[in-house]
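Peer 1: Let me give you the structure first, and then I'll get to my questions.
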Amino acid sequence: MEATETMGPRVTDLVRVGAVARLVGVTGAQDQVRALREAVDHSPPEREEAEELVADYERGRWLPVRLELFADLVGDEGRVERFDSIHVEGVWFAVPHDANNVRHAREAADQRFEALQEHLVQEGFEIAPGQLEALPFVLDLDDRLSEAIEGN
Amino acid sequence: MAGATIGYGGARRAVRVFDHDPDLLRGLEQHEAAEALAHGVAAVARLEKGEWHPPARGGGEVAGHPGLLVIEGQLARDTTVALAPTSELLGAGDLLRPWQDESEVASLPWRSDWEVLQPATLAILDARFARAVSPWPSIFAALMERMTERQRWLALQLAIGHLRRVDARLLVLLWHLGDRWGTVHADGVHLPIRLTHAHLARLVGAQRPSVTLALTQLTEAGRLRRGTGGTWVLLRPAPDLASLLRKPGGSHRDDGAAGD
């Protein structure tokens, strides 16, 4: 007869939280520009601001970015596991890369940490609300984004 | 940005101040209020959109002025330390003393800049006006109250800037602005204020793209929508504090399908 195992919450250590920033492709960029236009009202001064931002994007001063949030945790077997199911679309990085991009990434991530925490709880980890946000935030740029943002 | 206004701009006309701001008379008996209304006449300055370089204290032009009362329009006073600007939004009912510039004697450099966001009319409450309404001290008490309110609004704005999430900061700020300048309708509070995302970012201490992102999420979550001509409609019910700490659009997990 097969033994029945009762699974309690997985007690774990959070190693770090952060996001991998990826440059979106052409289709994604078009979607993101369209979303930017839709996010603003069609009367001044917002319309003018949006037109200026789109023009800056076309000149290569802004890059559309997607954030993939992650949490690295030490699991049952002592190995570090990465959970990165939560994405944030609609992020824009200025060129060249600077501290404001990092602040923006952190602010965008703050909007979705709760979803990541809920996902980890669903996975059986004992992570309290607010626990992820309390950790230092790590931002990694993927190779394409690094090249695009530093190469200008 | 549009052009710049120096001092009080061009031609001035006179108005009865309390016709535009009757709340300043609320401490008076009816007959006193009628008398104060007739005596409380002030010149007005009309400021067009763009930078504003107000009169300086040193010029003597402003000696004895209680201040400038905003009758209509919107202005922003940006304060910059190093490269980080923050902003105070000013509108009808606010009392300004723009010639007071403490940055001139500061140990560490900072500066303030004025911008007219929507064409503004300011009543110049000068020494002559002060003498004319001096029989009614409650008017001065009401003006002091306006200054105190500005301090309180700024303290509130500081507190808003400490909220972790940008969407929560924006929502509290917009409801706060709705309390000041909004009108109540069946669907919510209509806020006739036109701000760029960059302005909103300076008001809540966030990055401009984060404001765009958060406004999109708040709109999708049914917290607000755009009215006609760039105004905001804050949809009821007003958020409670607990909900501000939760996500605006409901919890869902991304499946990785979005994006590229």
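Every chain in the structure tokens takes a letter, A first, then B, and so on in the order presented; its residues are numbered from 1, and the ligands are numbered from 1 following the presented order.
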Can you work out which residues from chain A touch chain B at a cut-off of 10 Å (counting only C-alpha atoms) and hand them back as a ChimeraX atom specification?
Peer 2: /A:22-29,31-32,35-36,38-50,65-66,68,84-94,100-116,118-119,130,133
Peer 1: Of the candidates A:Arg144, A:Arg79, A:His97, A:Arg59, which one gets nearest to Val15 of chain A if we count only C-alpha atoms?
Peer 2: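 With only C-alpha atoms as the atom set, the closest residue is A:Arg79.
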Peer 1: Extract the full set of alpha helix (DSSP H) residues from segment 7-117 of chain A according to DSSP on the backbone, and format it as a ChimeraX atom specification.
Peer 2: /A:26-39,46-58,99-110,113-117
Peer 1: Enumerate, as a PyMOL selection string, the complete set of residues in segment 48-196 of chain B that a backbone-based DSSP assignment places in strand (DSSP E).
Peer 2: chain B and resi 50-53+67-81+84-90+95-96+111-125+183-185+188-191
Peer 1: Residues at most 6 Å from segment 60-65 of chain B, counting only C-alpha atoms, excluding those fewer than 4 positions away in the same chain, as a list in words?
Peer 2: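 Those residues are Leu125, Asp126 and Ala127 of chain B.
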Peer 1: Just the selected residues (N, CA and C atoms), exported as an mmCIF file, in the first residue's frame, please.
Peer 2:
data_model
loop_
_atom_site.group_PDB
_atom_site.id
_atom_site.type_symbol
_atom_site.label_atom_id
_atom_site.label_comp_id
_atom_site.auth_asym_id
_atom_site.auth_seq_id
_atom_site.Cartn_x
_atom_site.Cartn_y
_atom_site.Cartn_z
ATOM 1 N N LEU B 125 -2.966 90.652 -3.601
ATOM 2 C CA LEU B 125 -3.372 91.185 -2.296
ATOM 3 C C LEU B 125 -2.202 92.013 -1.772
ATOM 4 N N ASP B 126 -2.244 93.285 -2.057
ATOM 5 C CA ASP B 126 -1.117 94.160 -1.716
ATOM 6 C C ASP B 126 -1.390 94.912 -0.410
ATOM 7 N N ALA B 127 -0.515 95.837 -0.084
ATOM 8 C CA ALA B 127 -0.658 96.577 1.174
ATOM 9 C C ALA B 127 -1.947 97.400 1.184
#
Peer 1: Show me, as a ChimeraX atom specification, the residues that have an atom within 12 Å of Val233 of chain B when counting only C-alpha atoms, minus same-chain residues fewer than 2 positions from it.
Peer 2: /B:171,174-175,177-178,182-194,218-219,222-231,235-238
